[in-house]
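Source file: upload15.json (JSON, C-alpha atoms)
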[["chain", "number", "residue", "atom", "x", "y", "z"],
["A", 219, "MET", "CA", 8.64, -6.26, 15.15],
["A", 220, "GLN", "CA", 10.61, -9.50, 15.13],
["A", 221, "LEU", "CA", 13.54, -10.31, 12.86],
["A", 222, "SER", "CA", 14.01, -13.61, 11.08],
["A", 223, "LEU", "CA", 16.99, -14.80, 9.07],
["A", 224, "GLY", "CA", 16.30, -16.85, 5.98],
["A", 225, "PRO", "CA", 18.39, -19.86, 4.92],
["A", 226, "VAL", "CA", 21.63, -19.37, 3.00],
["A", 227, "LEU", "CA", 20.61, -19.71, -0.65],
["A", 228, "TYR", "CA", 24.12, -19.83, -2.10],
["A", 229, "ASN", "CA", 26.68, -22.61, -2.20],
["A", 230, "TRP", "CA", 29.07, -21.60, 0.55],
["A", 231, "ALA", "CA", 31.92, -23.82, 1.74],
["A", 232, "PRO", "CA", 30.69, -26.05, 4.60],
["A", 233, "GLU", "CA", 33.04, -24.50, 7.15],
["A", 234, "ARG", "CA", 32.02, -21.00, 6.14],
["A", 235, "TRP", "CA", 28.34, -22.01, 6.36],
["A", 236, "ARG", "CA", 28.87, -23.45, 9.85],
["A", 237, "ASP", "CA", 30.85, -20.48, 11.12],
["A", 238, "PHE", "CA", 28.28, -18.06, 9.69],
["A", 239, "TYR", "CA", 25.54, -19.58, 11.82],
["A", 240, "PHE", "CA", 27.78, -19.85, 14.86],
["A", 241, "ARG", "CA", 28.34, -16.10, 14.64],
["A", 242, "ILE", "CA", 24.62, -15.49, 14.12],
["A", 243, "ALA", "CA", 23.94, -17.47, 17.28],
["A", 244, "ASP", "CA", 26.54, -15.61, 19.33],
["A", 245, "GLU", "CA", 26.18, -12.03, 18.03],
["A", 246, "ALA", "CA", 23.06, -11.35, 15.95],
["A", 247, "PRO", "CA", 19.91, -9.82, 17.52],
["A", 248, "VAL", "CA", 17.60, -12.01, 15.45],
["A", 249, "ASP", "CA", 14.62, -13.96, 16.81],
["A", 250, "THR", "CA", 14.19, -16.77, 14.28],
["A", 251, "VAL", "CA", 16.63, -18.54, 11.96],
["A", 252, "ALA", "CA", 15.61, -20.72, 9.00],
["A", 253, "ILE", "CA", 18.30, -23.22, 8.06],
["A", 254, "GLY", "CA", 19.05, -26.05, 5.68],
["A", 255, "GLU", "CA", 19.76, -26.46, 1.98],
["A", 256, "ILE", "CA", 16.56, -25.48, 0.18],
["A", 257, "VAL", "CA", 17.86, -24.73, -3.34],
["A", 258, "CYS", "CA", 19.78, -27.82, -4.54],
["A", 259, "SER", "CA", 19.69, -31.22, -2.86],
["A", 260, "LYS", "CA", 23.14, -32.03, -4.25],
["A", 261, "ARG", "CA", 24.62, -29.50, -1.82],
["A", 262, "SER", "CA", 22.93, -31.02, 1.25],
["A", 263, "PRO", "CA", 25.57, -33.66, 2.09],
["A", 264, "PHE", "CA", 28.21, -30.96, 2.53],
["A", 265, "ILE", "CA", 26.38, -29.12, 5.32],
["A", 266, "ALA", "CA", 24.69, -32.17, 6.87],
["A", 267, "PRO", "CA", 27.61, -32.98, 9.25],
["A", 268, "HIS", "CA", 27.41, -29.46, 10.68],
["A", 269, "LEU", "CA", 23.63, -29.22, 11.07],
["A", 270, "PRO", "CA", 23.30, -30.71, 14.58],
["A", 271, "ALA", "CA", 25.96, -28.39, 16.02],
["A", 272, "VAL", "CA", 24.44, -25.36, 14.27],
["A", 273, "VAL", "CA", 20.94, -26.14, 15.55],
["A", 274, "GLU", "CA", 22.24, -26.71, 19.07],
["A", 275, "ARG", "CA", 24.23, -23.45, 19.04],
["A", 276, "LEU", "CA", 21.28, -21.41, 17.73],
["A", 277, "ARG", "CA", 18.81, -22.86, 20.21],
["A", 278, "ALA", "CA", 21.22, -22.39, 23.10],
["A", 279, "ALA", "CA", 21.36, -18.71, 22.12],
["A", 280, "GLY", "CA", 17.56, -18.45, 22.37],
["A", 281, "LYS", "CA", 16.82, -18.43, 18.63],
["A", 282, "GLN", "CA", 13.85, -20.26, 17.16],
["A", 283, "VAL", "CA", 15.12, -22.64, 14.47],
["A", 284, "LEU", "CA", 13.10, -23.46, 11.35],
["A", 285, "PRO", "CA", 14.48, -26.34, 9.25],
["A", 286, "GLY", "CA", 13.32, -25.68, 5.69],
["A", 287, "SER", "CA", 12.22, -28.00, 2.91],
["A", 288, "LEU", "CA", 13.53, -27.92, -0.65],
["A", 289, "ILE", "CA", 11.85, -25.40, -2.93],
["A", 290, "LEU", "CA", 11.45, -28.02, -5.66],
["A", 291, "THR", "CA", 11.17, -31.73, -4.87],
["A", 292, "SER", "CA", 11.33, -34.15, -7.79],
["A", 293, "LEU", "CA", 13.81, -37.03, -7.31],
["A", 294, "PRO", "CA", 13.19, -40.06, -5.06],
["A", 295, "ARG", "CA", 16.09, -39.14, -2.78],
["A", 296, "GLU", "CA", 14.66, -35.65, -2.45],
["A", 297, "ARG", "CA", 11.28, -37.08, -1.46],
["A", 298, "ARG", "CA", 13.01, -39.24, 1.16],
["A", 299, "GLN", "CA", 14.83, -36.17, 2.43],
["A", 300, "MET", "CA", 11.53, -34.34, 2.82],
["A", 301, "ALA", "CA", 10.00, -37.34, 4.60],
["A", 302, "ASP", "CA", 12.81, -37.26, 7.13],
["A", 303, "LEU", "CA", 12.34, -33.52, 7.57],
["A", 304, "VAL", "CA", 8.62, -33.64, 8.37],
["A", 305, "ASN", "CA", 9.35, -36.25, 11.05],
["A", 306, "THR", "CA", 11.37, -33.61, 12.92],
["A", 307, "GLU", "CA", 8.74, -32.96, 15.59],
["A", 308, "GLU", "CA", 11.09, -31.09, 17.93],
["A", 309, "LEU", "CA", 11.42, -28.12, 15.53],
["A", 310, "LEU", "CA", 8.93, -26.05, 13.55],
["A", 311, "VAL", "CA", 9.36, -27.05, 9.89],
["A", 312, "GLU", "CA", 9.22, -24.32, 7.23],
["A", 313, "VAL", "CA", 7.42, -25.54, 4.11],
["A", 314, "ASN", "CA", 8.83, -24.31, 0.80],
["A", 315, "ASP", "CA", 7.21, -26.94, -1.45],
["A", 316, "LEU", "CA", 3.66, -28.28, -1.13],
["A", 317, "THR", "CA", 4.81, -31.89, -1.48],
["A", 318, "CYS", "CA", 5.87, -31.89, 2.17],
["A", 319, "LEU", "CA", 2.71, -30.21, 3.46],
["A", 320, "LYS", "CA", 0.35, -33.19, 3.76],
["A", 321, "PRO", "CA", 2.20, -34.96, 6.63],
["A", 322, "LEU", "CA", 2.24, -31.67, 8.54],
["A", 323, "ILE", "CA", -1.51, -31.03, 8.43],
["A", 324, "GLY", "CA", -2.75, -30.52, 11.97],
["A", 325, "ARG", "CA", 0.76, -29.87, 13.29],
["A", 326, "PRO", "CA", 2.17, -26.38, 13.83],
["A", 327, "HIS", "CA", 4.46, -25.41, 10.96],
["A", 328, "ALA", "CA", 5.72, -22.37, 9.05],
["A", 329, "ILE", "CA", 5.19, -21.42, 5.41],
["A", 330, "GLY", "CA", 8.16, -20.05, 3.48],
["A", 331, "PRO", "CA", 8.12, -17.31, 0.82],
["A", 332, "PHE", "CA", 8.24, -19.86, -2.01],
["A", 333, "ILE", "CA", 4.61, -20.96, -1.48],
["A", 334, "ASN", "CA", 2.23, -18.85, -3.59],
["A", 335, "ILE", "CA", 0.04, -17.21, -0.98],
["A", 336, "TYR", "CA", -1.44, -14.28, -2.91],
["A", 337, "ASN", "CA", -4.77, -13.71, -1.18],
["A", 338, "GLU", "CA", -6.75, -14.10, 2.04],
["A", 339, "ALA", "CA", -8.27, -17.45, 1.06],
["A", 340, "SER", "CA", -4.84, -19.02, 0.49],
["A", 341, "ALA", "CA", -3.57, -17.75, 3.84],
["A", 342, "ALA", "CA", -6.68, -18.99, 5.65],
["A", 343, "PHE", "CA", -6.32, -22.39, 3.95],
["A", 344, "HIS", "CA", -2.84, -22.83, 5.39],
["A", 345, "ALA", "CA", -3.78, -21.40, 8.79],
["A", 346, "GLN", "CA", -6.60, -23.92, 9.11],
["A", 347, "ARG", "CA", -4.10, -26.72, 8.48],
["A", 348, "GLY", "CA", -1.66, -25.66, 11.17],
["A", 349, "ALA", "CA", 0.47, -22.82, 9.80],
["A", 350, "THR", "CA", 1.45, -20.55, 12.69],
["A", 351, "ARG", "CA", 3.69, -18.23, 10.67],
["A", 352, "ILE", "CA", 3.73, -17.30, 7.00],
["A", 353, "CYS", "CA", 6.54, -15.57, 5.12],
["A", 354, "LEU", "CA", 4.74, -13.94, 2.22],
["A", 355, "PRO", "CA", 6.03, -14.03, -1.37],
["A", 356, "PRO", "CA", 8.25, -10.98, -1.98],
["A", 357, "GLU", "CA", 6.32, -9.76, -5.04],
["A", 358, "LEU", "CA", 3.15, -8.78, -3.14],
["A", 359, "PRO", "CA", 2.04, -5.11, -2.97],
["A", 360, "MET", "CA", 1.21, -3.43, 0.33],
["A", 361, "SER", "CA", -2.55, -3.73, -0.20],
["A", 362, "SER", "CA", -2.30, -7.52, -0.50],
["A", 363, "VAL", "CA", 0.00, -7.76, 2.51],
["A", 364, "ALA", "CA", -2.50, -5.83, 4.64],
["A", 365, "ALA", "CA", -5.48, -7.87, 3.43],
["A", 366, "ILE", "CA", -3.76, -11.19, 4.09],
["A", 367, "ALA", "CA", -2.54, -10.13, 7.54],
["A", 368, "ALA", "CA", -6.07, -9.03, 8.50],
["A", 369, "ALA", "CA", -7.52, -12.36, 7.35],
["A", 370, "VAL", "CA", -5.27, -14.46, 9.61],
["A", 371, "PRO", "CA", -4.79, -12.44, 12.83],
["A", 372, "ASN", "CA", -3.50, -15.47, 14.74],
["A", 373, "VAL", "CA", -0.69, -16.15, 12.25],
["A", 374, "LEU", "CA", 2.65, -14.33, 12.42],
["A", 375, "ILE", "CA", 3.20, -12.60, 9.08],
["A", 376, "ASP", "CA", 6.82, -12.48, 7.99],
["A", 377, "ILE", "CA", 7.91, -10.40, 4.99],
["A", 378, "PHE", "CA", 11.01, -10.61, 2.79],
["A", 379, "ALA", "CA", 12.73, -7.35, 3.76],
["A", 380, "PHE", "CA", 16.39, -7.66, 2.71],
["A", 381, "GLY", "CA", 18.32, -9.58, 0.08],
["A", 382, "ARG", "CA", 18.24, -10.50, -3.58],
["A", 383, "VAL", "CA", 14.67, -11.57, -4.36],
["A", 384, "PRO", "CA", 14.18, -15.27, -5.22],
["A", 385, "LEU", "CA", 12.16, -15.24, -8.45],
["A", 386, "ALA", "CA", 12.17, -18.76, -9.88],
["A", 387, "ILE", "CA", 13.44, -22.31, -9.45],
["A", 388, "SER", "CA", 14.14, -24.81, -12.22],
["A", 389, "ALA", "CA", 15.02, -28.46, -12.73],
["A", 390, "ARG", "CA", 17.92, -27.25, -14.90],
["A", 391, "CYS", "CA", 21.17, -25.86, -13.54],
["A", 392, "TYR", "CA", 22.19, -22.61, -15.19],
["A", 393, "HIS", "CA", 25.61, -22.60, -13.57],
["A", 394, "ALA", "CA", 26.40, -26.05, -14.98],
["A", 395, "ARG", "CA", 25.19, -25.10, -18.44],
["A", 396, "LEU", "CA", 27.28, -21.92, -18.45],
["A", 397, "HIS", "CA", 30.40, -24.01, -17.80],
["A", 398, "LYS", "CA", 29.37, -26.61, -20.42],
["A", 399, "LEU", "CA", 28.65, -29.21, -17.76],
["A", 400, "THR", "CA", 25.61, -31.37, -17.09],
["A", 401, "LYS", "CA", 23.57, -31.04, -13.93],
["A", 402, "ASP", "CA", 24.57, -34.54, -12.81],
["A", 403, "ASN", "CA", 28.24, -33.65, -13.28],
["A", 404, "CYS", "CA", 28.09, -30.00, -12.29],
["A", 405, "GLN", "CA", 31.30, -30.11, -10.24],
["A", 406, "PHE", "CA", 29.53, -27.64, -7.92],
["A", 407, "VAL", "CA", 30.71, -24.68, -10.00],
["A", 408, "CYS", "CA", 28.10, -22.49, -8.28],
["A", 409, "GLU", "CA", 30.48, -22.26, -5.31],
["A", 410, "ARG", "CA", 32.59, -19.86, -7.40],
["A", 411, "ASP", "CA", 29.85, -17.24, -6.96],
["A", 412, "PRO", "CA", 29.07, -16.90, -3.23],
["A", 413, "ASP", "CA", 26.65, -14.05, -3.96],
["A", 414, "GLY", "CA", 25.24, -15.45, -7.19],
["A", 415, "LEU", "CA", 26.29, -14.84, -10.80],
["A", 416, "MET", "CA", 25.07, -11.59, -12.38],
["A", 417, "LEU", "CA", 23.35, -11.74, -15.77],
["A", 418, "ARG", "CA", 23.41, -8.69, -18.02],
["A", 419, "THR", "CA", 21.44, -7.68, -21.09],
["A", 420, "LEU", "CA", 23.02, -7.13, -24.50],
["A", 421, "ASP", "CA", 23.19, -3.45, -23.56],
["A", 422, "GLY", "CA", 25.23, -4.27, -20.46],
["A", 423, "ALA", "CA", 22.50, -3.58, -17.88],
["A", 424, "ASP", "CA", 22.27, -5.79, -14.80],
["A", 425, "PHE", "CA", 19.25, -8.05, -15.23],
["A", 426, "LEU", "CA", 19.07, -11.17, -13.01],
["A", 427, "THR", "CA", 21.26, -13.26, -10.72],
["A", 428, "VAL", "CA", 21.85, -16.98, -11.20],
["A", 429, "ASN", "CA", 22.36, -19.37, -8.29],
["A", 430, "GLY", "CA", 22.57, -22.89, -9.67],
["A", 431, "VAL", "CA", 18.97, -23.92, -10.42],
["A", 432, "GLN", "CA", 17.64, -20.68, -8.92],
["A", 433, "THR", "CA", 17.02, -17.25, -10.44],
["A", 434, "LEU", "CA", 17.13, -14.15, -8.23],
["A", 435, "SER", "CA", 16.87, -10.41, -8.78],
["A", 436, "SER", "CA", 19.87, -8.26, -9.64],
["A", 437, "THR", "CA", 18.79, -5.70, -7.05],
["A", 438, "CYS", "CA", 18.60, -6.15, -3.28],
["A", 439, "THR", "CA", 15.25, -5.68, -1.59],
["A", 440, "ASN", "CA", 15.42, -3.24, 1.31],
["A", 441, "LEU", "CA", 12.18, -2.47, 3.15],
["A", 442, "LEU", "CA", 13.72, -0.65, 6.09],
["A", 443, "GLY", "CA", 12.08, 2.63, 5.04],
["A", 444, "ASP", "CA", 8.70, 0.87, 4.86],
["A", 445, "ALA", "CA", 8.86, -0.60, 8.36],
["A", 446, "ASN", "CA", 6.22, 1.64, 9.95],
["A", 447, "ALA", "CA", 3.72, 1.09, 7.15],
["A", 448, "LEU", "CA", 4.29, -2.66, 7.22],
["A", 449, "SER", "CA", 3.81, -2.77, 10.99],
["A", 450, "GLU", "CA", 0.52, -0.91, 10.61],
["A", 451, "ALA", "CA", -0.46, -3.41, 7.91],
["A", 452, "GLY", "CA", -0.10, -6.29, 10.38],
["A", 453, "VAL", "CA", 3.38, -7.59, 9.57],
["A", 454, "GLY", "CA", 5.04, -9.03, 12.66],
["A", 455, "SER", "CA", 8.46, -10.06, 11.38],
["A", 456, "PHE", "CA", 11.08, -8.94, 8.86],
["A", 457, "ARG", "CA", 12.87, -11.71, 6.91],
["A", 458, "LEU", "CA", 16.51, -10.97, 6.04],
["A", 459, "SER", "CA", 18.16, -13.18, 3.43],
["A", 460, "PRO", "CA", 21.90, -13.91, 3.87],
["A", 461, "GLN", "CA", 24.11, -12.19, 1.30],
["A", 462, "ASP", "CA", 27.88, -12.12, 0.84],
["A", 463, "CYS", "CA", 28.44, -9.40, 3.44],
["A", 464, "ASP", "CA", 28.52, -8.85, 7.22],
["A", 465, "MET", "CA", 25.00, -10.07, 8.00],
["A", 466, "VAL", "CA", 25.43, -9.55, 11.74],
["A", 467, "ALA", "CA", 25.94, -5.85, 11.03],
["A", 468, "VAL", "CA", 22.97, -5.84, 8.64],
["A", 469, "ILE", "CA", 20.75, -7.42, 11.28],
["A", 470, "SER", "CA", 21.97, -4.89, 13.85],
["A", 471, "VAL", "CA", 21.01, -2.00, 11.55],
["A", 472, "PHE", "CA", 17.50, -3.36, 11.13],
["A", 473, "ARG", "CA", 17.18, -3.99, 14.87],
["A", 474, "ALA", "CA", 18.28, -0.45, 15.72],
["A", 475, "ALA", "CA", 15.85, 1.09, 13.22],
["A", 476, "LEU", "CA", 12.92, -1.08, 14.29],
["A", 477, "ASP", "CA", 13.61, -0.23, 17.93],
["A", 478, "GLY", "CA", 13.68, 3.49, 17.15],
["A", 479, "ARG", "CA", 17.37, 3.94, 17.94],
["A", 480, "GLU", "CA", 18.20, 4.91, 14.35],
["A", 481, "ASP", "CA", 16.15, 6.48, 11.58],
["A", 482, "ALA", "CA", 15.53, 4.60, 8.34],
["A", 483, "GLU", "CA", 17.48, 7.06, 6.22],
["A", 484, "SER", "CA", 20.74, 6.71, 8.14],
["A", 485, "GLY", "CA", 20.14, 2.98, 8.46],
["A", 486, "THR", "CA", 19.81, 2.67, 4.70],
["A", 487, "ARG", "CA", 23.07, 4.55, 4.21],
["A", 488, "ARG", "CA", 24.80, 2.12, 6.55],
["A", 489, "LEU", "CA", 23.26, -0.85, 4.72],
["A", 490, "ALA", "CA", 24.58, 0.51, 1.41],
["A", 491, "GLN", "CA", 28.08, 0.55, 2.89],
["A", 492, "LEU", "CA", 27.70, -2.96, 4.28],
["A", 493, "TYR", "CA", 26.34, -4.38, 1.03],
["A", 494, "PRO", "CA", 27.51, -2.36, -1.99],
["A", 495, "ASN", "CA", 27.13, -5.33, -4.36],
["A", 496, "ALA", "CA", 23.62, -4.40, -5.54],
["A", 497, "PRO", "CA", 21.35, -1.33, -5.60],
["A", 498, "PHE", "CA", 18.36, -1.39, -3.26],
["A", 499, "SER", "CA", 14.77, -1.76, -4.42],
["A", 500, "ASN", "CA", 11.25, -1.92, -2.99],
["A", 501, "GLY", "CA", 9.13, -1.65, -6.13],
["A", 502, "PHE", "CA", 7.05, -4.79, -5.59],
["A", 503, "LEU", "CA", 5.71, -3.47, -2.29],
["A", 504, "HIS", "CA", 4.58, -0.25, -3.98],
["A", 505, "GLY", "CA", 2.94, -1.85, -6.97],
["A", 506, "VAL", "CA", 5.59, -0.90, -9.52],
["A", 507, "ALA", "CA", 8.41, -2.82, -11.20],
["A", 508, "GLY", "CA", 10.26, -4.77, -8.55],
["A", 509, "PHE", "CA", 13.72, -3.49, -9.49],
["A", 510, "VAL", "CA", 12.97, 0.17, -8.74],
["A", 511, "SER", "CA", 13.27, 2.02, -5.44],
["A", 512, "VAL", "CA", 10.37, 4.20, -4.36],
["A", 513, "ALA", "CA", 11.55, 7.20, -2.33],
["A", 514, "PRO", "CA", 9.66, 8.48, 0.75],
["A", 515, "ASP", "CA", 8.28, 11.54, -1.06],
["A", 516, "ALA", "CA", 7.14, 9.34, -3.94],
["A", 517, "ARG", "CA", 5.25, 7.13, -1.47],
["A", 518, "SER", "CA", 3.31, 10.17, -0.34],
["A", 519, "SER", "CA", 2.60, 11.18, -3.96],
["A", 520, "ARG", "CA", 1.39, 7.69, -4.81],
["A", 521, "GLN", "CA", -1.40, 8.06, -2.28],
["A", 522, "HIS", "CA", -2.81, 10.64, -4.70],
["A", 523, "GLY", "CA", -2.47, 8.40, -7.72],
["A", 524, "PHE", "CA", 1.08, 9.25, -8.84],
["A", 525, "ARG", "CA", 4.11, 6.98, -9.09],
["A", 526, "GLU", "CA", 7.61, 8.37, -8.96],
["A", 527, "PRO", "CA", 10.01, 5.39, -8.89],
["A", 528, "ILE", "CA", 13.76, 5.84, -8.79],
["A", 529, "GLU", "CA", 15.68, 3.69, -11.24],
["A", 530, "PRO", "CA", 18.55, 1.65, -9.71],
["A", 531, "HIS", "CA", 21.22, 3.63, -11.60],
["A", 532, "MET", "CA", 19.98, 6.80, -9.87],
["A", 533, "LEU", "CA", 20.63, 5.48, -6.34]]
Could you show the structure in this file as structure tokens?
Amino acid sequence: MQLSLGPVLYNWAPERWRDFYFRIADEAPVDTVAIGEIVCSKRSPFIAPHLPAVVERLRAAGKQVLPGSLILTSLPRERRQMADLVNTEELLVEVNDLTCLKPLIGRPHAIGPFINIYNEASAAFHAQRGATRICLPPELPMSSVAAIAAAVPNVLIDIFAFGRVPLAISARCYHARLHKLTKDNCQFVCERDPDGLMLRTLDGADFLTVNGVQTLSSTCTNLLGDANALSEAGVGSFRLSPQDCDMVAVISVFRAALDGREDAESGTRRLAQLYPNAPFSNGFLHGVAGFVSVAPDARSSRQHGFREPIEPHML
């Protein structure tokens, strides 16, 4: 099982962003690293000066680098940015929006988790056009994951295995609106929340997380306990999404568990210490509400038609 690191979704200070990837290059046992600003094009100029050094450092460390496209492309400057990206023939581009797919047809490329691949036909469509790896959408159940992996045996299937789940993207900026600002004059207030801004219901329950124009889950996906089943289903890589914590340590926990040097239960306890900001969940994978966590004994029961999810407040 390989490990991949997704792009930083949050608005981190440029120097912190650069140093994060430098440390990933030097210390993290991860095989593939997706980089670039994929959420908001207004943030791109801040990290652009550091991109060449980050790519060079990662590749020198033996990591495969996947420059990613924006999730939502609408403005002319964003279309120009995507045109420049697809001309990067030296690196494998990760497609997050279909507008940048056409120039890549016939060339090897990767598909990110923001493309709606929900069945075998969709996966085969992209494989026929040059996709060599596909990171599946995080809301898929195990049965769909297995069916898709079986349909494209020559494509590396990556699965979103750690991090707040990206749920939606919008042309409107929720952070700007909260601070009574317009999107064009947002003053980059999203940088105040390096792990996203929690939304709560009127009853005070955690609900969603806001990241500028993006909406994420309030819980943190953790599929470490499902690693064996996912491997048997044909998954070849675990995608870890950077959160506001020690991601090198998080990656090391996953690597140790996948290599059999640590069991999933103790690994999950260590992950909870490393990232106490959000309860863990794996409901999507088990065909229940995404925010719940299905325990090992409940997984066994569900094979007989029962579902015994654990609510986040019970973790």
Enumerate, in order of chain and increasing residue number, the residues of region 244-300 of chain A with an atom no farther than 12 Å from region 405-417 of chain A, each with its shortest atom pair and distance in Å to one decimal, counting only C-alpha atoms, as a Markdown table.
| residue | atom | partner | partner_atom | distance |
| --- | --- | --- | --- | --- |
| A:Val257 | CA | A:Cys408 | CA | 11.6 |
| A:Cys258 | CA | A:Phe406 | CA | 10.3 |
| A:Ser259 | CA | A:Phe406 | CA | 11.6 |
| A:Lys260 | CA | A:Phe406 | CA | 8.6 |
| A:Arg261 | CA | A:Phe406 | CA | 8.0 |
| A:Ser262 | CA | A:Phe406 | CA | 11.8 |
| A:Phe264 | CA | A:Phe406 | CA | 11.0 |
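When only C-alpha atoms are used to compute distances to Thr427 (chain A), the closest of the residues A:Val466, A:Ala496, A:Ile329, A:Cys404 turns out to be A:Ala496.
Separating CA of Val428 (chain A) from CA of Leu288 (chain A) is a distance of 17.3 Å.
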Selected residue of minimal separation from Ser436 (chain A) among A:Pro294, A:Phe509, A:Gly348, A:Asp402, counting all atoms listed in the file: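 Comparing A:Pro294, A:Phe509, A:Gly348, A:Asp402 against Ser436 (chain A), the winner is A:Phe509.
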Nearest residue to Asn305 (chain A) from the set A:Ala386, A:Met360, A:Leu322, A:Leu293 (distances using all atoms listed in the file):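 That would be A:Leu322, the residue with the smallest distance to Asn305 (chain A).
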Pick from A:Asp424, A:Cys438, A:Val383, A:Val453, whichever lies nearest to Ile366 (chain A) using all atoms listed in the file: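 Between A:Asp424, A:Cys438, A:Val383, A:Val453, the residue approaching Ile366 (chain A) most closely is A:Val453.
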Find the residues near Pro494 (chain A): any atom within 12 Å, counting all atoms listed in the file, skip ones fewer than 3 places away on the same chain, and give them as a list in words. Gly381, Asp413, Thr437, Cys438, Gln461, Asp462, Cys463, Asp464, Thr486, Arg487, Arg488, Leu489, Ala490, Gln491, Pro497, Phe498 and Leu533 of chain A
Any idea what the distance is between CA of Val248 (chain A) and CA of Val431 (chain A)?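 Computed distance, CA of Val248 (chain A) to CA of Val431 (chain A), equals 28.5 Å.
Atom to atom, CA of Ala365 (chain A) and CA of Gly224 (chain A) stand 23.7 Å apart.
When all atoms listed in the file are used to compute distances to Thr439 (chain A), the closest of the residues A:Val471, A:Leu503, A:Val273, A:Ile335 turns out to be A:Leu503.
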So, with only C-alpha atoms as the atoms that count, which of A:Asn446, A:Thr400, A:Ser361, A:Ser287 lies closest to Pro331 (chain A)?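 The closest residue to Pro331 (chain A) is A:Ser287.
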Which residues are close to Ala349 (chain A), i.e. within 6 Å by only C-alpha atoms, leaving aside same-chain residues fewer than 5 positions away? Reply as a ChimeraX atom specification. /A:326-328,344
All residues 12 Å or closer to Phe472 (chain A), all atoms listed in the file, same chain fewer than 3 positions away omitted, as a PyMOL selection string: chain A and resi 219-223+246-248+379-380+440-445+455-458+465-469+475-489
Using only C-alpha atoms, determine which residues lie at most 10 Å from Leu276 (chain A), disregarding the query and same-chain residues fewer than 4 positions distant; provide the list as a PyMOL selection string. chain A and resi 239-244+250-251+271-272+280-283
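Applying the 12 Å criterion to (-4.3, -12.8, -0.1) in file coordinates and using only C-alpha atoms, one obtains the residues Asn334, Ile335, Tyr336, Asn337, Glu338, Ala339, Ser340, Ala341, Ala342, Phe343, His344, Ile352, Leu354, Pro355, Leu358, Pro359, Met360, Ser361, Ser362, Val363, Ala364, Ala365, Ile366, Ala367, Ala368, Ala369, Val370 and Ile375 of chain A.
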